[in-house]
Amino acid sequence: AVQRTFSIIKPDATERNLTGAINAVIEKAGLRIVGQRRIQMTRAQAERFYSVHSARPFFGELVDFMISGPVVVQVLEAEDAITKYREVMGATNPADAADGTIRKLFAKSIGENSVHGSDSAENAALEIAQFFSEADLTN
Ligand code: CMP
């Protein structure tokens, strides 16, 4: 079924002017960018977004990184968008990512890994709702 997923182009990528290069990979894979905004996340927004990881040892580092510069929040639409985008991103750790994936092409490390994508339909809906209203999204 046609699905939506939530994406973030992270500060390591915006800092290197890679928004367009990453969007080109996204669009070539058949994902449609139906909403997009460049923002500076607040600490509160980043803590809420990553609250499922709050007990992890890297949580503080993760939040500091996500507010270290601008991010681009996006909603992507395609048939099976969640799985498709996870394939296009590649493994969390760029050392494990397949050739041609966004993380293999651009990520610097497991933390500074250029993009985020939702891991389930339930999380996609929650993540999209944190940053977009339905009126912001159009095909
Ligand atoms: P993301 O898909 O945004 O979801 C959680 C993030 O935590 C993940 O991408 C990584 O960037 C980050 N992360 C996972 N493991 C580590 C780690 N060992 N050190 C720092 N960051 C990590």
# chains A, B, ... in the order shown; residues from 1 in each chain; ligands from 1
$ residues_around --residues "range 68-80 of chain A" --least-positions-apart "2" --cutoff "10 Å" --atoms "only C-alpha atoms" --output "short mmCIF file (atom, residue, chain, number, x, y, z; two decimals) with all heavy atoms, in the first residue's frame"
data_model
loop_
_atom_site.label_atom_id
_atom_site.label_comp_id
_atom_site.auth_asym_id
_atom_site.auth_seq_id
_atom_site.Cartn_x
_atom_site.Cartn_y
_atom_site.Cartn_z
N ALA A 1 0.85 -1.21 0.00
CA ALA A 1 0.00 0.00 0.00
C ALA A 1 0.87 1.25 0.00
O ALA A 1 2.02 1.20 0.44
CB ALA A 1 -0.89 0.00 1.24
N VAL A 2 0.31 2.34 -0.51
CA VAL A 2 1.02 3.62 -0.46
C VAL A 2 1.08 4.07 0.98
O VAL A 2 0.07 4.06 1.69
CB VAL A 2 0.35 4.69 -1.36
CG1 VAL A 2 1.01 6.04 -1.17
CG2 VAL A 2 0.41 4.27 -2.82
N GLN A 3 2.29 4.40 1.41
CA GLN A 3 2.57 4.74 2.81
C GLN A 3 3.34 6.05 2.85
O GLN A 3 3.98 6.44 1.89
CB GLN A 3 3.54 3.71 3.40
CG GLN A 3 2.94 2.54 4.07
CD GLN A 3 4.04 1.66 4.65
OE1 GLN A 3 5.19 1.73 4.25
NE2 GLN A 3 3.67 0.83 5.60
N ARG A 4 3.34 6.64 4.06
CA ARG A 4 4.23 7.77 4.32
C ARG A 4 5.23 7.40 5.40
O ARG A 4 4.91 6.65 6.33
CB ARG A 4 3.43 8.99 4.76
CG ARG A 4 2.68 9.64 3.61
CD ARG A 4 1.79 10.75 4.09
NE ARG A 4 1.19 11.45 2.96
CZ ARG A 4 0.27 12.38 3.07
NH1 ARG A 4 -0.18 12.74 4.27
NH2 ARG A 4 -0.22 12.97 1.99
N THR A 5 6.44 7.93 5.27
CA THR A 5 7.44 7.77 6.31
C THR A 5 8.04 9.13 6.63
O THR A 5 7.90 10.08 5.85
CB THR A 5 8.53 6.75 5.90
OG1 THR A 5 9.34 6.43 7.05
CG2 THR A 5 9.42 7.28 4.79
N PHE A 6 8.68 9.21 7.79
CA PHE A 6 9.27 10.46 8.23
C PHE A 6 10.78 10.37 8.10
O PHE A 6 11.39 9.35 8.46
CB PHE A 6 8.88 10.73 9.70
CG PHE A 6 9.44 12.01 10.23
CD1 PHE A 6 8.92 13.23 9.84
CD2 PHE A 6 10.50 12.00 11.13
CE1 PHE A 6 9.44 14.42 10.34
CE2 PHE A 6 11.02 13.17 11.63
CZ PHE A 6 10.49 14.39 11.23
N SER A 7 11.39 11.43 7.59
CA SER A 7 12.83 11.48 7.36
C SER A 7 13.41 12.75 7.97
O SER A 7 12.75 13.79 8.01
CB SER A 7 13.09 11.49 5.84
OG SER A 7 14.42 11.88 5.53
N ILE A 8 14.63 12.62 8.45
CA ILE A 8 15.40 13.81 8.86
C ILE A 8 16.75 13.76 8.15
O ILE A 8 17.46 12.76 8.22
CB ILE A 8 15.66 13.87 10.38
CG1 ILE A 8 14.36 13.81 11.18
CG2 ILE A 8 16.43 15.15 10.72
CD1 ILE A 8 14.59 13.81 12.70
N ILE A 9 17.10 14.86 7.47
CA ILE A 9 18.47 15.05 7.00
C ILE A 9 19.20 15.75 8.15
O ILE A 9 18.82 16.84 8.58
CB ILE A 9 18.51 15.87 5.70
CG1 ILE A 9 17.72 15.13 4.61
CG2 ILE A 9 19.96 16.11 5.26
CD1 ILE A 9 17.64 15.88 3.28
N LYS A 10 20.21 15.06 8.71
CA LYS A 10 20.80 15.46 9.99
C LYS A 10 21.87 16.55 9.83
O LYS A 10 22.34 16.82 8.72
CB LYS A 10 21.39 14.21 10.66
CG LYS A 10 20.34 13.14 11.01
CD LYS A 10 20.96 12.00 11.81
CE LYS A 10 19.94 10.92 12.13
NZ LYS A 10 20.52 9.86 13.01
N PRO A 11 22.30 17.14 10.97
CA PRO A 11 23.24 18.28 10.91
C PRO A 11 24.56 17.99 10.20
O PRO A 11 25.12 18.89 9.57
CB PRO A 11 23.48 18.62 12.39
CG PRO A 11 22.22 18.21 13.07
CD PRO A 11 21.79 16.96 12.35
N ASP A 12 25.06 16.76 10.28
CA ASP A 12 26.34 16.48 9.57
C ASP A 12 26.17 16.65 8.07
O ASP A 12 27.13 17.01 7.37
CB ASP A 12 26.87 15.07 9.89
CG ASP A 12 26.00 13.97 9.30
OD1 ASP A 12 24.93 13.71 9.86
OD2 ASP A 12 26.37 13.41 8.26
N ALA A 13 24.96 16.40 7.56
CA ALA A 13 24.68 16.50 6.13
C ALA A 13 24.33 17.94 5.72
O ALA A 13 24.83 18.42 4.70
CB ALA A 13 23.56 15.55 5.75
N THR A 14 23.52 18.63 6.51
CA THR A 14 23.19 20.02 6.13
C THR A 14 24.46 20.88 6.17
O THR A 14 24.64 21.76 5.35
CB THR A 14 22.11 20.63 7.04
OG1 THR A 14 22.56 20.65 8.41
CG2 THR A 14 20.80 19.87 6.94
N GLU A 15 25.35 20.57 7.14
CA GLU A 15 26.58 21.33 7.29
C GLU A 15 27.46 21.22 6.03
O GLU A 15 28.13 22.17 5.64
CB GLU A 15 27.34 20.81 8.52
CG GLU A 15 28.37 21.75 9.11
CD GLU A 15 29.74 21.58 8.48
OE1 GLU A 15 30.03 20.46 8.01
OE2 GLU A 15 30.50 22.58 8.47
N THR A 19 21.93 18.45 1.24
CA THR A 19 20.47 18.27 1.15
C THR A 19 20.05 17.85 -0.26
O THR A 19 19.29 16.89 -0.42
CB THR A 19 19.75 19.56 1.57
OG1 THR A 19 20.10 19.86 2.93
CG2 THR A 19 18.24 19.41 1.47
N ILE A 26 16.89 10.02 -2.78
CA ILE A 26 15.51 9.73 -2.35
C ILE A 26 14.57 9.69 -3.56
O ILE A 26 13.79 8.74 -3.73
CB ILE A 26 15.05 10.79 -1.32
CG1 ILE A 26 15.78 10.58 0.01
CG2 ILE A 26 13.54 10.78 -1.14
CD1 ILE A 26 15.59 11.71 1.02
N GLU A 27 14.64 10.71 -4.39
CA GLU A 27 13.70 10.81 -5.52
C GLU A 27 13.99 9.76 -6.58
O GLU A 27 13.07 9.18 -7.17
CB GLU A 27 13.72 12.22 -6.10
CG GLU A 27 13.10 13.22 -5.13
CD GLU A 27 12.97 14.63 -5.69
OE1 GLU A 27 13.82 15.03 -6.51
OE2 GLU A 27 12.01 15.33 -5.28
N ALA A 29 14.98 6.85 -6.06
CA ALA A 29 14.46 5.58 -5.55
C ALA A 29 12.93 5.50 -5.65
O ALA A 29 12.33 4.48 -5.29
CB ALA A 29 14.89 5.38 -4.10
N GLY A 30 12.29 6.58 -6.09
CA GLY A 30 10.84 6.55 -6.27
C GLY A 30 10.05 7.05 -5.07
O GLY A 30 8.82 6.92 -5.04
N LEU A 31 10.77 7.61 -4.09
CA LEU A 31 10.06 8.21 -2.95
C LEU A 31 9.75 9.67 -3.30
O LEU A 31 10.61 10.40 -3.81
CB LEU A 31 10.94 8.15 -1.70
CG LEU A 31 11.13 6.74 -1.12
CD1 LEU A 31 12.51 6.59 -0.50
CD2 LEU A 31 10.05 6.45 -0.08
N ARG A 32 8.51 10.09 -3.02
CA ARG A 32 8.07 11.45 -3.31
C ARG A 32 8.15 12.29 -2.04
O ARG A 32 7.64 11.87 -0.99
CB ARG A 32 6.63 11.43 -3.84
CG ARG A 32 6.04 12.79 -4.16
CD ARG A 32 4.69 12.65 -4.85
NE ARG A 32 4.82 12.01 -6.15
CZ ARG A 32 5.10 12.66 -7.29
NH1 ARG A 32 5.23 13.96 -7.29
NH2 ARG A 32 5.21 11.99 -8.42
N ILE A 33 8.78 13.45 -2.11
CA ILE A 33 8.90 14.35 -0.96
C ILE A 33 7.61 15.18 -0.90
O ILE A 33 7.44 16.12 -1.67
CB ILE A 33 10.15 15.24 -1.07
CG1 ILE A 33 11.42 14.38 -1.17
CG2 ILE A 33 10.23 16.20 0.13
CD1 ILE A 33 12.67 15.14 -1.64
N VAL A 34 6.69 14.82 0.00
CA VAL A 34 5.37 15.46 0.04
C VAL A 34 5.30 16.56 1.10
O VAL A 34 4.32 17.30 1.17
CB VAL A 34 4.22 14.44 0.22
CG1 VAL A 34 4.20 13.47 -0.95
CG2 VAL A 34 4.32 13.69 1.54
N GLY A 35 6.36 16.68 1.91
CA GLY A 35 6.48 17.79 2.87
C GLY A 35 7.93 17.92 3.24
O GLY A 35 8.64 16.91 3.34
N GLN A 36 8.40 19.17 3.45
CA GLN A 36 9.81 19.37 3.75
C GLN A 36 10.00 20.74 4.39
O GLN A 36 9.47 21.73 3.90
CB GLN A 36 10.62 19.27 2.46
CG GLN A 36 12.10 19.60 2.59
CD GLN A 36 12.87 19.20 1.34
OE1 GLN A 36 13.56 18.20 1.31
NE2 GLN A 36 12.74 20.00 0.29
N ARG A 37 10.81 20.80 5.45
CA ARG A 37 11.07 22.07 6.11
C ARG A 37 12.45 22.02 6.75
O ARG A 37 12.82 21.02 7.37
CB ARG A 37 10.00 22.30 7.19
CG ARG A 37 9.79 23.72 7.58
CD ARG A 37 8.44 23.92 8.29
NE ARG A 37 8.50 23.46 9.66
CZ ARG A 37 7.91 22.37 10.14
NH1 ARG A 37 7.17 21.60 9.36
NH2 ARG A 37 8.03 22.05 11.40
N ARG A 38 13.22 23.09 6.62
CA ARG A 38 14.54 23.18 7.28
C ARG A 38 14.35 23.93 8.59
O ARG A 38 13.81 25.04 8.60
CB ARG A 38 15.52 23.92 6.37
CG ARG A 38 16.93 24.03 6.91
CD ARG A 38 17.82 24.59 5.82
NE ARG A 38 19.16 24.92 6.24
CZ ARG A 38 20.26 24.26 5.87
NH1 ARG A 38 20.16 23.20 5.09
NH2 ARG A 38 21.45 24.65 6.27
N ILE A 39 14.78 23.31 9.69
CA ILE A 39 14.55 23.88 11.02
C ILE A 39 15.79 23.71 11.90
O ILE A 39 16.63 22.83 11.65
CB ILE A 39 13.36 23.21 11.75
CG1 ILE A 39 13.61 21.71 11.95
CG2 ILE A 39 12.06 23.45 11.00
CD1 ILE A 39 12.60 21.04 12.89
N GLN A 40 15.87 24.52 12.91
CA GLN A 40 16.81 24.29 14.01
C GLN A 40 15.99 23.64 15.12
O GLN A 40 15.11 24.28 15.69
CB GLN A 40 17.43 25.61 14.47
CG GLN A 40 18.26 25.50 15.74
CD GLN A 40 19.50 24.63 15.56
OE1 GLN A 40 20.29 24.82 14.65
NE2 GLN A 40 19.67 23.65 16.45
N MET A 41 16.25 22.38 15.43
CA MET A 41 15.50 21.71 16.50
C MET A 41 15.88 22.29 17.85
O MET A 41 17.05 22.58 18.09
CB MET A 41 15.82 20.21 16.53
CG MET A 41 14.89 19.37 15.74
SD MET A 41 15.05 17.64 16.31
CE MET A 41 14.60 16.84 14.80
N THR A 42 14.91 22.41 18.72
CA THR A 42 15.20 22.76 20.12
C THR A 42 15.60 21.48 20.85
O THR A 42 15.31 20.36 20.41
CB THR A 42 13.98 23.36 20.81
OG1 THR A 42 12.95 22.35 20.86
CG2 THR A 42 13.46 24.58 20.05
N ARG A 43 16.26 21.65 21.99
CA ARG A 43 16.61 20.49 22.82
C ARG A 43 15.34 19.70 23.20
O ARG A 43 15.32 18.47 23.15
CB ARG A 43 17.38 20.94 24.07
CG ARG A 43 17.83 19.79 24.96
CD ARG A 43 18.79 20.26 26.04
NE ARG A 43 20.05 20.72 25.49
CZ ARG A 43 21.09 19.93 25.17
NH1 ARG A 43 21.02 18.63 25.35
NH2 ARG A 43 22.18 20.45 24.67
N LEU A 62 23.49 12.00 21.28
CA LEU A 62 22.56 12.02 20.16
C LEU A 62 21.77 13.34 20.14
O LEU A 62 21.65 14.00 19.09
CB LEU A 62 21.61 10.82 20.27
CG LEU A 62 20.47 10.68 19.27
CD1 LEU A 62 20.98 10.61 17.85
CD2 LEU A 62 19.63 9.43 19.62
N VAL A 63 21.25 13.74 21.29
CA VAL A 63 20.48 14.98 21.36
C VAL A 63 21.39 16.19 21.07
O VAL A 63 21.02 17.08 20.29
CB VAL A 63 19.79 15.13 22.74
CG1 VAL A 63 19.21 16.52 22.92
CG2 VAL A 63 18.71 14.06 22.89
N ASP A 64 22.58 16.22 21.66
CA ASP A 64 23.53 17.32 21.39
C ASP A 64 23.81 17.43 19.89
O ASP A 64 23.84 18.53 19.33
CB ASP A 64 24.87 17.09 22.12
CG ASP A 64 24.78 17.34 23.62
OD1 ASP A 64 23.78 17.94 24.08
OD2 ASP A 64 25.71 16.92 24.34
N PHE A 65 24.03 16.30 19.25
CA PHE A 65 24.31 16.30 17.82
C PHE A 65 23.12 16.82 17.02
O PHE A 65 23.29 17.65 16.10
CB PHE A 65 24.69 14.89 17.35
CG PHE A 65 24.70 14.73 15.86
CD1 PHE A 65 25.54 15.51 15.07
CD2 PHE A 65 23.86 13.82 15.24
CE1 PHE A 65 25.54 15.38 13.68
CE2 PHE A 65 23.86 13.69 13.86
CZ PHE A 65 24.70 14.47 13.08
N MET A 66 21.91 16.38 17.36
CA MET A 66 20.73 16.75 16.57
C MET A 66 20.38 18.23 16.68
O MET A 66 19.65 18.75 15.83
CB MET A 66 19.54 15.88 16.95
CG MET A 66 19.70 14.42 16.54
SD MET A 66 19.93 14.16 14.76
CE MET A 66 18.27 14.57 14.16
N ILE A 82 8.13 2.92 4.16
CA ILE A 82 8.97 2.73 5.37
C ILE A 82 10.12 1.78 5.06
O ILE A 82 11.29 2.10 5.28
CB ILE A 82 8.10 2.25 6.54
CG1 ILE A 82 7.14 3.38 6.94
CG2 ILE A 82 8.98 1.82 7.72
CD1 ILE A 82 5.98 2.93 7.80
N THR A 83 9.80 0.62 4.51
CA THR A 83 10.84 -0.36 4.14
C THR A 83 11.72 0.18 3.03
O THR A 83 12.95 0.05 3.07
CB THR A 83 10.18 -1.68 3.68
OG1 THR A 83 9.41 -2.18 4.77
CG2 THR A 83 11.21 -2.70 3.28
N LYS A 84 11.09 0.81 2.04
CA LYS A 84 11.86 1.34 0.91
C LYS A 84 12.89 2.36 1.39
O LYS A 84 14.06 2.29 1.00
CB LYS A 84 10.91 1.98 -0.11
CG LYS A 84 11.62 2.61 -1.29
CD LYS A 84 10.65 3.06 -2.37
CE LYS A 84 10.23 1.88 -3.24
NZ LYS A 84 9.60 2.31 -4.50
N TYR A 85 12.47 3.28 2.26
CA TYR A 85 13.43 4.31 2.70
C TYR A 85 14.53 3.70 3.57
O TYR A 85 15.67 4.12 3.50
CB TYR A 85 12.71 5.46 3.42
CG TYR A 85 13.62 6.64 3.69
CD1 TYR A 85 14.45 7.14 2.70
CD2 TYR A 85 13.65 7.25 4.94
CE1 TYR A 85 15.30 8.21 2.94
CE2 TYR A 85 14.49 8.33 5.19
CZ TYR A 85 15.31 8.81 4.18
OH TYR A 85 16.15 9.87 4.42
N SER A 114 23.88 11.08 8.89
CA SER A 114 23.28 11.84 7.77
C SER A 114 21.76 11.83 7.67
O SER A 114 21.19 12.84 7.25
CB SER A 114 23.86 11.43 6.40
OG SER A 114 25.26 11.63 6.39
N VAL A 115 21.12 10.70 7.99
CA VAL A 115 19.65 10.63 7.86
C VAL A 115 19.02 9.77 8.93
O VAL A 115 19.65 8.87 9.49
CB VAL A 115 19.23 10.06 6.47
CG1 VAL A 115 19.38 11.09 5.37
CG2 VAL A 115 19.97 8.77 6.14
N HIS A 116 17.77 10.07 9.21
CA HIS A 116 16.90 9.23 10.04
C HIS A 116 15.70 8.82 9.19
O HIS A 116 15.21 9.60 8.38
CB HIS A 116 16.38 10.02 11.26
CG HIS A 116 15.22 9.34 11.92
ND1 HIS A 116 15.38 8.35 12.86
CD2 HIS A 116 13.87 9.46 11.73
CE1 HIS A 116 14.18 7.91 13.24
NE2 HIS A 116 13.25 8.58 12.57
N GLY A 117 15.20 7.62 9.40
CA GLY A 117 13.93 7.20 8.80
C GLY A 117 13.14 6.38 9.80
O GLY A 117 13.72 5.62 10.59
N ALA A 121 5.24 1.69 10.94
CA ALA A 121 4.12 2.54 10.56
C ALA A 121 3.63 3.36 11.75
O ALA A 121 3.28 4.54 11.62
CB ALA A 121 2.98 1.69 10.01
N ALA A 124 6.12 6.12 12.32
CA ALA A 124 6.03 7.09 11.23
C ALA A 124 4.89 8.08 11.50
O ALA A 124 5.07 9.30 11.38
CB ALA A 124 5.81 6.38 9.90
N GLU A 127 5.92 10.39 14.41
CA GLU A 127 7.00 11.31 14.02
C GLU A 127 6.50 12.38 13.07
O GLU A 127 6.85 13.56 13.22
CB GLU A 127 8.16 10.50 13.41
CG GLU A 127 8.86 9.61 14.44
CD GLU A 127 9.89 8.66 13.85
OE1 GLU A 127 10.12 8.69 12.62
OE2 GLU A 127 10.48 7.88 14.62
N ILE A 128 5.69 11.99 12.09
CA ILE A 128 5.13 12.98 11.16
C ILE A 128 4.31 14.00 11.94
O ILE A 128 4.45 15.21 11.74
CB ILE A 128 4.27 12.29 10.07
CG1 ILE A 128 5.17 11.50 9.10
CG2 ILE A 128 3.42 13.32 9.31
CD1 ILE A 128 4.41 10.54 8.19
N PHE A 131 5.98 17.03 13.64
CA PHE A 131 6.55 18.13 12.86
C PHE A 131 5.65 18.69 11.76
O PHE A 131 5.92 19.77 11.24
CB PHE A 131 7.89 17.70 12.24
CG PHE A 131 8.96 17.48 13.28
CD1 PHE A 131 9.23 16.22 13.78
CD2 PHE A 131 9.68 18.57 13.78
CE1 PHE A 131 10.22 16.03 14.74
CE2 PHE A 131 10.66 18.39 14.74
CZ PHE A 131 10.93 17.11 15.23
N PHE A 132 4.61 17.97 11.37
CA PHE A 132 3.77 18.43 10.26
C PHE A 132 2.29 18.27 10.60
O PHE A 132 1.90 17.33 11.28
CB PHE A 132 4.05 17.59 9.00
CG PHE A 132 5.42 17.81 8.40
CD1 PHE A 132 6.47 16.97 8.74
CD2 PHE A 132 5.65 18.85 7.51
CE1 PHE A 132 7.73 17.16 8.20
CE2 PHE A 132 6.91 19.05 6.96
CZ PHE A 132 7.96 18.21 7.29
N ASP A 136 0.07 20.62 5.67
CA ASP A 136 1.40 20.91 5.13
C ASP A 136 1.82 19.90 4.06
O ASP A 136 2.88 20.06 3.44
CB ASP A 136 2.47 20.81 6.23
CG ASP A 136 2.30 21.85 7.33
OD1 ASP A 136 1.82 22.95 7.01
OD2 ASP A 136 2.64 21.54 8.48
N LEU A 137 1.04 18.84 3.89
CA LEU A 137 1.49 17.71 3.06
C LEU A 137 0.64 17.63 1.80
O LEU A 137 -0.58 17.66 1.87
CB LEU A 137 1.36 16.39 3.85
CG LEU A 137 2.09 16.40 5.20
CD1 LEU A 137 1.79 15.12 5.97
CD2 LEU A 137 3.59 16.57 4.99
N THR A 138 1.33 17.55 0.66
CA THR A 138 0.60 17.41 -0.59
C THR A 138 1.46 16.67 -1.61
O THR A 138 2.66 16.82 -1.63
CB THR A 138 0.17 18.79 -1.15
OG1 THR A 138 -0.52 18.59 -2.36
CG2 THR A 138 1.36 19.70 -1.39
N ASN A 139 0.78 15.85 -2.42
CA ASN A 139 1.49 15.08 -3.44
C ASN A 139 1.86 15.95 -4.64
O ASN A 139 2.45 15.45 -5.56
CB ASN A 139 0.61 13.94 -3.98
CG ASN A 139 0.27 12.96 -2.92
OD1 ASN A 139 -0.11 13.35 -1.82
ND2 ASN A 139 0.44 11.69 -3.20
#
$ select_by_dssp --residues "range 36-128 of chain A" --states "helix (DSSP H, G or I)" --output "number ranges by chain"
A: 43-49, 51-53, 59-66, 81-89, 94-96, 102-106, 121-128
$ residues_near_ligand --ligand "ligand 1" --cutoff "8 Å" --atoms "only C-alpha atoms and all ligand atoms" --output "list of chain:residue names"
A:Ile8, A:Tyr50, A:His53, A:Pro57, A:Phe58, A:Phe59, A:Glu61, A:Leu62, A:Thr92, A:Asn93, A:Ile110, A:Gly111, A:Glu112, A:Asn113, A:Ser114, A:Val115, A:His116, A:Gly117, A:Ser118, A:Asp119
